$ cat final.csv   # CSV, C-alpha atoms
chain,number,residue,atom,x,y,z
V,1090,MET,CA,3.8,-43.0,9.5
V,1091,VAL,CA,3.0,-40.3,12.0
V,1092,LEU,CA,0.2,-38.0,11.0
V,1093,ARG,CA,0.8,-34.4,11.9
V,1094,LEU,CA,-1.5,-31.4,11.6
V,1095,VAL,CA,-0.4,-27.8,12.1
V,1096,ILE,CA,-2.8,-25.5,13.9
V,1097,GLY,CA,-2.3,-21.7,13.7
V,1098,PHE,CA,-4.1,-19.8,16.4
V,1099,SER,CA,-4.2,-16.0,15.9
V,1100,ASP,CA,-6.2,-13.2,17.5
V,1101,GLY,CA,-9.5,-12.8,15.6
V,1102,PRO,CA,-12.9,-13.8,17.0
V,1103,GLY,CA,-13.5,-17.5,17.1
V,1104,ALA,CA,-11.1,-18.7,19.9
V,1105,SER,CA,-13.8,-21.2,21.1
V,1106,VAL,CA,-13.7,-22.9,17.7
V,1107,GLY,CA,-9.9,-23.2,17.8
V,1108,ILE,CA,-10.1,-24.7,21.3
V,1109,ARG,CA,-12.8,-27.2,20.4
V,1110,LEU,CA,-10.8,-28.2,17.4
V,1111,LEU,CA,-7.8,-29.0,19.6
V,1112,GLN,CA,-10.0,-30.9,22.0
V,1113,LYS,CA,-11.5,-33.0,19.2
V,1114,LEU,CA,-8.1,-33.8,17.7
V,1115,ARG,CA,-6.9,-35.2,21.0
V,1116,SER,CA,-9.1,-38.2,20.4
V,1117,LEU,CA,-7.5,-39.0,17.1
V,1118,PRO,CA,-4.2,-40.9,16.5
V,1119,LEU,CA,-2.3,-37.8,15.2
V,1120,GLU,CA,0.1,-35.1,16.4
V,1121,THR,CA,-1.1,-31.5,16.7
V,1122,HIS,CA,1.6,-28.8,16.2
V,1123,LEU,CA,0.3,-25.6,17.6
V,1124,VAL,CA,1.7,-22.1,16.9
V,1125,MET,CA,-0.2,-19.2,18.5
V,1126,SER,CA,0.3,-15.6,17.5
V,1127,ALA,CA,1.5,-13.0,20.0
V,1128,GLY,CA,-2.1,-11.7,20.3
V,1129,ALA,CA,-3.8,-15.1,20.8
V,1130,ASP,CA,-3.3,-15.2,24.6
V,1131,ALA,CA,-5.3,-12.1,25.2
V,1132,ALA,CA,-7.9,-13.1,22.6
V,1133,ILE,CA,-8.5,-16.5,24.3
V,1134,ALA,CA,-8.8,-14.9,27.8
V,1135,GLN,CA,-11.1,-12.2,26.5
V,1136,GLN,CA,-13.4,-14.5,24.4
V,1137,THR,CA,-13.5,-17.6,26.5
V,1138,GLY,CA,-12.1,-16.9,30.0
V,1139,MET,CA,-9.7,-19.8,29.5
V,1140,ALA,CA,-5.9,-19.5,30.2
V,1141,ALA,CA,-3.8,-19.7,27.0
V,1142,SER,CA,-1.5,-22.2,28.8
V,1143,ASP,CA,-4.5,-24.6,29.2
V,1144,VAL,CA,-5.1,-24.3,25.4
V,1145,ARG,CA,-1.5,-25.0,24.7
V,1146,ALA,CA,-1.6,-28.1,26.9
V,1147,LEU,CA,-4.2,-29.6,24.4
V,1148,ALA,CA,-1.6,-29.8,21.6
V,1149,THR,CA,1.2,-32.4,21.1
V,1150,ARG,CA,3.8,-29.7,20.4
V,1151,ASN,CA,3.9,-25.9,20.8
V,1152,TYR,CA,6.1,-23.4,19.0
V,1153,ASP,CA,7.2,-19.9,19.7
V,1154,PRO,CA,5.9,-17.7,16.8
V,1155,ARG,CA,9.3,-15.9,16.7
V,1156,ASN,CA,11.2,-19.2,16.1
V,1157,GLN,CA,11.5,-19.2,12.3
V,1158,ALA,CA,13.9,-22.2,12.6
V,1159,ALA,CA,11.3,-24.5,14.0
V,1160,ARG,CA,10.7,-27.7,12.1
V,1161,ILE,CA,7.3,-26.7,10.8
V,1162,SER,CA,8.9,-23.9,8.8
V,1163,SER,CA,10.4,-26.5,6.5
V,1164,GLY,CA,8.4,-28.2,3.7
V,1165,SER,CA,10.4,-31.3,4.1
V,1166,TYR,CA,8.8,-31.9,7.5
V,1167,GLN,CA,5.9,-34.2,6.7
V,1168,MET,CA,2.5,-32.9,7.8
V,1169,CYS,CA,-1.0,-33.4,6.3
V,1170,GLY,CA,-1.8,-29.7,6.3
V,1171,MET,CA,-2.7,-26.7,8.4
V,1172,VAL,CA,-5.8,-25.1,9.9
V,1173,VAL,CA,-5.7,-21.4,11.0
V,1174,VAL,CA,-8.5,-20.8,13.5
V,1175,ALA,CA,-9.1,-18.1,14.6
V,1176,CYS,CA,-7.5,-16.4,11.6
V,1177,GLY,CA,-7.3,-12.7,12.3
V,1178,GLU,CA,-7.3,-10.1,9.5
V,1179,SER,CA,-3.7,-9.2,9.7
V,1180,THR,CA,-2.7,-12.9,9.7
V,1181,LEU,CA,-4.8,-13.4,6.6
V,1182,ALA,CA,-3.1,-10.4,4.9
V,1183,CYS,CA,0.4,-11.7,5.7
V,1184,ILE,CA,-0.4,-15.1,4.4
V,1185,ALA,CA,-2.0,-13.7,1.2
V,1186,ILE,CA,1.1,-11.6,0.3
V,1187,GLY,CA,3.7,-14.1,1.5
V,1188,TYR,CA,5.0,-11.8,4.3
V,1189,ALA,CA,6.3,-14.5,6.7
V,1190,ASP,CA,7.4,-12.4,9.6
V,1191,THR,CA,6.3,-15.0,12.2
V,1192,LEU,CA,6.4,-18.8,12.3
V,1193,LEU,CA,2.6,-19.0,11.9
V,1194,HIS,CA,2.8,-17.2,8.5
V,1195,ARG,CA,5.9,-19.2,7.5
V,1196,ALA,CA,4.1,-22.5,8.2
V,1197,ALA,CA,1.2,-21.4,6.1
V,1198,ASP,CA,3.5,-20.4,3.3
V,1199,VAL,CA,5.2,-23.8,3.4
V,1200,THR,CA,1.8,-25.6,3.4
V,1201,MET,CA,0.8,-23.7,0.2
V,1202,LYS,CA,4.3,-24.4,-1.3
V,1203,GLU,CA,3.9,-28.1,-0.7
V,1204,ALA,CA,0.3,-28.1,-2.0
V,1205,ARG,CA,-1.2,-29.4,1.3
V,1206,PRO,CA,-4.6,-28.3,2.5
V,1207,LEU,CA,-4.6,-24.9,4.2
V,1208,ILE,CA,-7.9,-24.0,5.9
V,1209,LEU,CA,-8.3,-20.4,7.0
V,1210,ALA,CA,-11.3,-19.7,9.3
V,1211,MET,CA,-12.1,-16.1,9.9
V,1212,HIS,CA,-14.9,-14.2,11.4
V,1213,GLY,CA,-17.3,-11.7,9.7
V,1214,ALA,CA,-17.6,-10.3,6.3
V,1215,PRO,CA,-14.4,-8.4,5.5
V,1216,SER,CA,-14.3,-5.6,3.1
V,1217,GLY,CA,-11.7,-3.4,1.3
V,1218,ALA,CA,-8.2,-4.7,1.2
V,1219,ILE,CA,-9.0,-7.8,3.2
V,1220,GLU,CA,-11.6,-8.8,0.6
V,1221,GLN,CA,-8.8,-8.5,-2.1
V,1222,HIS,CA,-6.7,-10.8,0.0
V,1223,LEU,CA,-9.5,-13.3,0.2
V,1224,ARG,CA,-9.8,-13.3,-3.6
V,1225,THR,CA,-6.0,-13.9,-3.9
V,1226,LEU,CA,-6.1,-16.8,-1.6
V,1227,ALA,CA,-9.3,-18.3,-3.2
V,1228,ASP,CA,-7.1,-18.8,-6.4
V,1229,VAL,CA,-4.4,-20.8,-4.5
V,1230,PRO,CA,-4.9,-24.6,-4.9
V,1231,LYS,CA,-5.9,-26.4,-1.7
V,1232,VAL,CA,-6.6,-23.2,0.2
V,1233,GLN,CA,-10.1,-23.2,1.7
V,1234,LEU,CA,-11.6,-20.1,3.3
V,1235,ARG,CA,-14.3,-20.6,6.0
V,1236,ARG,CA,-16.4,-17.8,7.5
V,1237,LEU,CA,-17.3,-18.0,11.2
V,1238,ALA,CA,-20.7,-16.8,12.1
V,1239,ASP,CA,-21.6,-14.3,14.9
V,1240,GLY,CA,-22.6,-15.4,18.4
V,1241,LEU,CA,-21.0,-18.8,18.4
V,1242,GLU,CA,-19.9,-18.6,22.1
V,1243,GLY,CA,-21.8,-21.1,24.1
V,1244,ASP,CA,-23.5,-22.8,21.2
V,1245,GLN,CA,-21.7,-26.1,21.5
V,1246,SER,CA,-23.5,-28.0,18.7
V,1247,ALA,CA,-22.8,-25.1,16.2
V,1248,ILE,CA,-19.2,-25.1,17.2
V,1249,ASP,CA,-18.9,-28.9,16.8
V,1250,ALA,CA,-20.4,-28.7,13.3
V,1251,ILE,CA,-17.9,-26.0,12.3
V,1252,VAL,CA,-15.0,-28.1,13.7
V,1253,SER,CA,-16.2,-31.1,11.6
V,1254,ASP,CA,-16.4,-28.9,8.6
V,1255,LEU,CA,-12.8,-27.5,9.1
V,1256,LEU,CA,-11.4,-31.0,9.3
V,1257,GLU,CA,-13.4,-32.4,6.4
V,1258,PRO,CA,-10.6,-31.7,3.8
V,1259,PHE,CA,-8.2,-34.0,5.7
V,1260,ARG,CA,-10.4,-37.1,5.4
V,1261,PHE,CA,-9.8,-38.1,9.0
V,1262,ASP,CA,-13.1,-40.2,9.0
V,1263,THR,CA,-11.1,-43.4,8.8
V,1264,LEU,CA,-9.1,-42.4,11.8
V,1265,LEU,CA,-12.4,-41.7,13.7
V,1266,VAL,CA,-13.6,-45.2,12.9
V,1267,ALA,CA,-10.2,-46.6,14.0
V,1268,ALA,CA,-10.4,-44.6,17.2
V,1269,GLY,CA,-13.9,-46.2,17.8
V,1270,GLN,CA,-16.0,-43.0,17.4
S,972,MET,CA,35.9,-2.9,8.7
S,973,THR,CA,32.7,-2.1,10.5
S,974,SER,CA,32.2,1.6,10.8
S,975,SER,CA,29.1,3.8,11.0
S,976,PRO,CA,28.0,4.9,7.6
S,977,ARG,CA,28.0,8.5,8.9
S,978,ALA,CA,31.7,8.4,9.9
S,979,GLY,CA,32.8,9.5,6.5
S,980,ARG,CA,32.0,9.5,2.8
S,981,MET,CA,33.4,6.8,0.6
S,982,GLU,CA,35.3,7.7,-2.5
S,983,SER,CA,32.7,6.3,-4.8
S,984,ASP,CA,29.1,5.2,-4.3
S,985,PRO,CA,28.9,1.8,-2.7
S,986,ILE,CA,27.0,-1.2,-4.0
S,987,VAL,CA,24.5,-2.2,-1.2
S,988,VAL,CA,24.6,-5.9,-0.5
S,989,ALA,CA,21.9,-7.5,1.6
S,990,ILE,CA,22.0,-11.0,3.0
S,991,THR,CA,18.6,-12.2,4.2
S,992,GLY,CA,17.3,-15.5,5.7
S,993,ALA,CA,17.1,-17.9,2.8
S,994,THR,CA,19.2,-20.7,1.4
S,995,GLY,CA,22.1,-19.5,-0.8
S,996,VAL,CA,24.1,-17.2,1.5
S,997,VAL,CA,27.2,-18.4,-0.4
S,998,TYR,CA,26.1,-16.0,-3.2
S,999,GLY,CA,26.0,-13.0,-1.0
S,1000,ILE,CA,29.4,-13.9,0.5
S,1001,ARG,CA,31.0,-14.5,-2.9
S,1002,ALA,CA,29.6,-11.2,-4.2
S,1003,LEU,CA,31.2,-9.4,-1.3
S,1004,GLU,CA,34.5,-11.1,-2.0
S,1005,ALA,CA,34.4,-10.4,-5.7
S,1006,LEU,CA,33.5,-6.7,-5.2
S,1007,ARG,CA,36.4,-6.4,-2.7
S,1008,GLU,CA,38.8,-8.0,-5.2
S,1009,ALA,CA,37.6,-5.5,-7.8
S,1010,GLY,CA,38.1,-2.6,-5.5
S,1011,VAL,CA,34.4,-1.7,-5.4
S,1012,PRO,CA,33.1,-0.3,-2.1
S,1013,THR,CA,30.3,-2.2,-0.5
S,1014,LEU,CA,27.7,-1.5,2.2
S,1015,LEU,CA,26.4,-4.7,3.8
S,1016,VAL,CA,23.0,-5.1,5.6
S,1017,MET,CA,22.7,-8.6,7.1
S,1018,THR,CA,19.4,-9.6,8.8
S,1019,GLU,CA,19.2,-11.7,11.9
S,1020,TRP,CA,18.1,-14.8,9.9
S,1021,GLY,CA,20.7,-14.1,7.2
S,1022,SER,CA,23.3,-14.3,9.9
S,1023,ARG,CA,21.8,-17.5,11.3
S,1024,THR,CA,21.7,-19.0,7.8
S,1025,ILE,CA,25.4,-18.3,7.4
S,1026,VAL,CA,26.0,-20.4,10.5
S,1027,ALA,CA,23.8,-23.2,9.2
S,1028,GLU,CA,25.0,-23.3,5.6
S,1029,THR,CA,28.7,-22.4,5.7
S,1030,ASP,CA,31.8,-22.8,7.8
S,1031,ARG,CA,32.0,-19.0,8.0
S,1032,LYS,CA,31.2,-16.8,11.0
S,1033,PRO,CA,28.8,-13.8,10.4
S,1034,GLU,CA,31.5,-11.5,11.8
S,1035,ASP,CA,34.0,-12.7,9.2
S,1036,VAL,CA,31.5,-12.0,6.4
S,1037,ARG,CA,30.9,-8.5,7.8
S,1038,GLU,CA,34.7,-7.9,7.6
S,1039,LEU,CA,34.4,-8.4,3.8
S,1040,ALA,CA,32.3,-5.3,3.4
S,1041,SER,CA,33.6,-1.7,3.4
S,1042,GLU,CA,30.7,-0.6,5.7
S,1043,VAL,CA,28.0,-2.4,7.7
S,1044,CYS,CA,24.6,-1.3,8.8
S,1045,ASP,CA,22.3,-3.0,11.2
S,1046,GLU,CA,18.9,-4.1,9.8
S,1047,ASN,CA,17.2,-1.9,12.4
S,1048,GLU,CA,19.2,1.2,11.6
S,1049,MET,CA,16.4,3.0,9.9
S,1050,ASP,CA,18.2,6.3,10.1
S,1051,ALA,CA,21.1,5.1,8.0
S,1052,PRO,CA,21.6,7.2,4.8
S,1053,ILE,CA,20.6,4.3,2.5
S,1054,ALA,CA,17.1,4.4,4.1
S,1055,SER,CA,16.6,7.5,2.0
S,1056,GLY,CA,16.1,7.2,-1.8
S,1057,SER,CA,17.9,10.5,-2.3
S,1058,VAL,CA,21.2,9.0,-1.1
S,1059,LEU,CA,23.3,7.8,-4.1
S,1060,THR,CA,24.4,4.2,-4.2
S,1061,ALA,CA,25.8,2.3,-7.2
S,1062,GLY,CA,22.8,-0.1,-6.8
S,1063,MET,CA,21.7,-2.9,-4.6
S,1064,MET,CA,21.6,-6.7,-4.6
S,1065,ILE,CA,19.8,-8.9,-2.2
S,1066,ALA,CA,21.4,-12.4,-2.2
S,1067,PRO,CA,19.8,-14.5,-1.0
S,1068,CYS,CA,16.4,-12.8,-0.9
S,1069,SER,CA,13.9,-14.5,1.4
S,1070,MET,CA,10.3,-14.8,0.4
S,1071,LYS,CA,9.5,-12.5,3.3
S,1072,SER,CA,11.8,-9.8,2.0
S,1073,LEU,CA,10.4,-10.2,-1.5
S,1074,ALA,CA,6.9,-9.8,-0.2
S,1075,ALA,CA,7.8,-6.8,2.0
S,1076,ILE,CA,9.5,-5.0,-0.9
S,1077,ALA,CA,6.7,-5.8,-3.3
S,1078,HIS,CA,4.1,-4.4,-0.9
S,1079,GLY,CA,6.2,-1.5,0.5
S,1080,ILE,CA,6.1,-2.8,4.0
S,1081,GLY,CA,9.5,-1.3,4.8
S,1082,GLN,CA,10.0,-2.8,8.3
S,1083,ASN,CA,13.8,-3.0,8.2
S,1084,LEU,CA,16.7,-1.3,6.4
S,1085,VAL,CA,16.8,-4.0,3.7
S,1086,HIS,CA,13.2,-3.2,2.7
S,1087,ARG,CA,13.7,0.5,3.0
S,1088,ALA,CA,16.9,0.5,1.0
S,1089,ALA,CA,15.3,-1.6,-1.7
S,1090,GLU,CA,12.4,0.7,-2.0
S,1091,GLY,CA,14.8,3.6,-2.3
S,1092,SER,CA,16.7,1.7,-5.0
S,1093,CYS,CA,13.5,1.0,-6.9
S,1094,GLY,CA,12.9,4.8,-7.1
S,1095,SER,CA,16.4,5.5,-8.5
S,1096,PRO,CA,17.1,5.7,-12.2
S,1097,ARG,CA,19.5,2.8,-11.9
S,1098,CYS,CA,16.6,0.5,-11.4
S,1099,ARG,CA,14.9,1.5,-14.7
$ encode --input "final.csv" --output "structure tokens"
Amino acid sequence: MVLRLVIGFSDGPGASVGIRLLQKLRSLPLETHLVMSAGADAAIAQQTGMAASDVRALATRNYDPRNQAARISSGSYQMCGMVVVACGESTLACIAIGYADTLLHRAADVTMKEARPLILAMHGAPSGAIEQHLRTLADVPKVQLRRLADGLEGDQSAIDAIVSDLLEPFRFDTLLVAAGQ
Amino acid sequence: MTSSPRAGRMESDPIVVAITGATGVVYGIRALEALREAGVPTLLVMTEWGSRTIVAETDRKPEDVRELASEVCDENEMDAPIASGSVLTAGMMIAPCSMKSLAAIAHGIGQNLVHRAAEGSCGSPRCR
């Protein structure tokens, strides 16, 4: 059976973590299905100096966020779950209220509907309405929220540790052994 | 027939029918047919993904479904009379109602005419 992981990449701080995650997943025998939000390109360029096209090239498949008919919008398409990193505040709000106006939000909706792990990594300590959304999501089974610390850029070992933590719920350890790592 | 809602008043208030992007477009289509048979005027708002779902789930063409309604408004026509809660309608049904539409209405996001008209309907005495 083919293992597939959906990666959502939106526009909050933490682009370097998303990139490192995609790089690490390339060494594993699984498919990565990447959907970037409209703001991700600018965020990647601004935060890392990398071209978004080079980041897209790291994934097995790429999707246009406007294409709601893509296969990852259906729960019957088998995947082991989804990681959203970086998860911007507006992305978090849309996922929390079920407002699936892009494929990224829709894929997250479906991941929750199918009770697959959904890992949302956002930066900072949100307040106000966003804090309410975090509480809503904390009550959804198999949803895990991760906070990204300040000043990660350039700290490769810290980024690696975060990436391992984001992937922990998927139990890919056996795949790592199989891949000789 | 597809005419602008501003072209003229209908004889009685229409029932607003919205078809959005979820499985079950047959219910919206059947409702339009039944209301037409009963002589009740209808005002249809079909979203882009409602239209695509009609193609995916039925043998009908979206333009044939539009023909079933007395009037049609585009989902982006935010200046249509039904965008205002003070315009009288006989009520509104959304069939099928996508999860996105449900969330948008529940949270008052109002990004298209379906959401706006639903918010207007919720404020009317017919909804209580």
$ interface_residues --input "final.csv" --of "chain S" --to "chain V" --cutoff "10 Å" --atoms "all atoms listed in the file" --output "VMD selection string"
chain S and resid 992 1020 1023 to 1024 1069 to 1078 1080
$ atom_distance --input "final.csv" --atom1 "CA of Glu1042 (chain S)" --atom2 "CA of Thr1013 (chain S)"
6.4 Å
$ closest_residue --input "final.csv" --among "S:Arg1001, S:Arg1087, S:Lys1032, S:Arg1007" --to "Glu1048 (chain S)" --atoms "all atoms listed in the file"
S:Arg1087
$ residues_around --input "final.csv" --residues "region 1090-1107 of chain V" --least-positions-apart "4" --cutoff "7 Å" --atoms "all atoms listed in the file" --output "ChimeraX atom specification"
/V:1111,1119-1126,1128-1129,1132-1133,1136-1137,1168-1177,1193,1212,1242,1248,1252
$ residues_around --input "final.csv" --residues "region 1081-1085 of chain S" --least-positions-apart "6" --cutoff "6 Å" --atoms "all atoms listed in the file" --output "list of chain:residue names"
S:Glu1046, S:Asn1047, S:Met1049
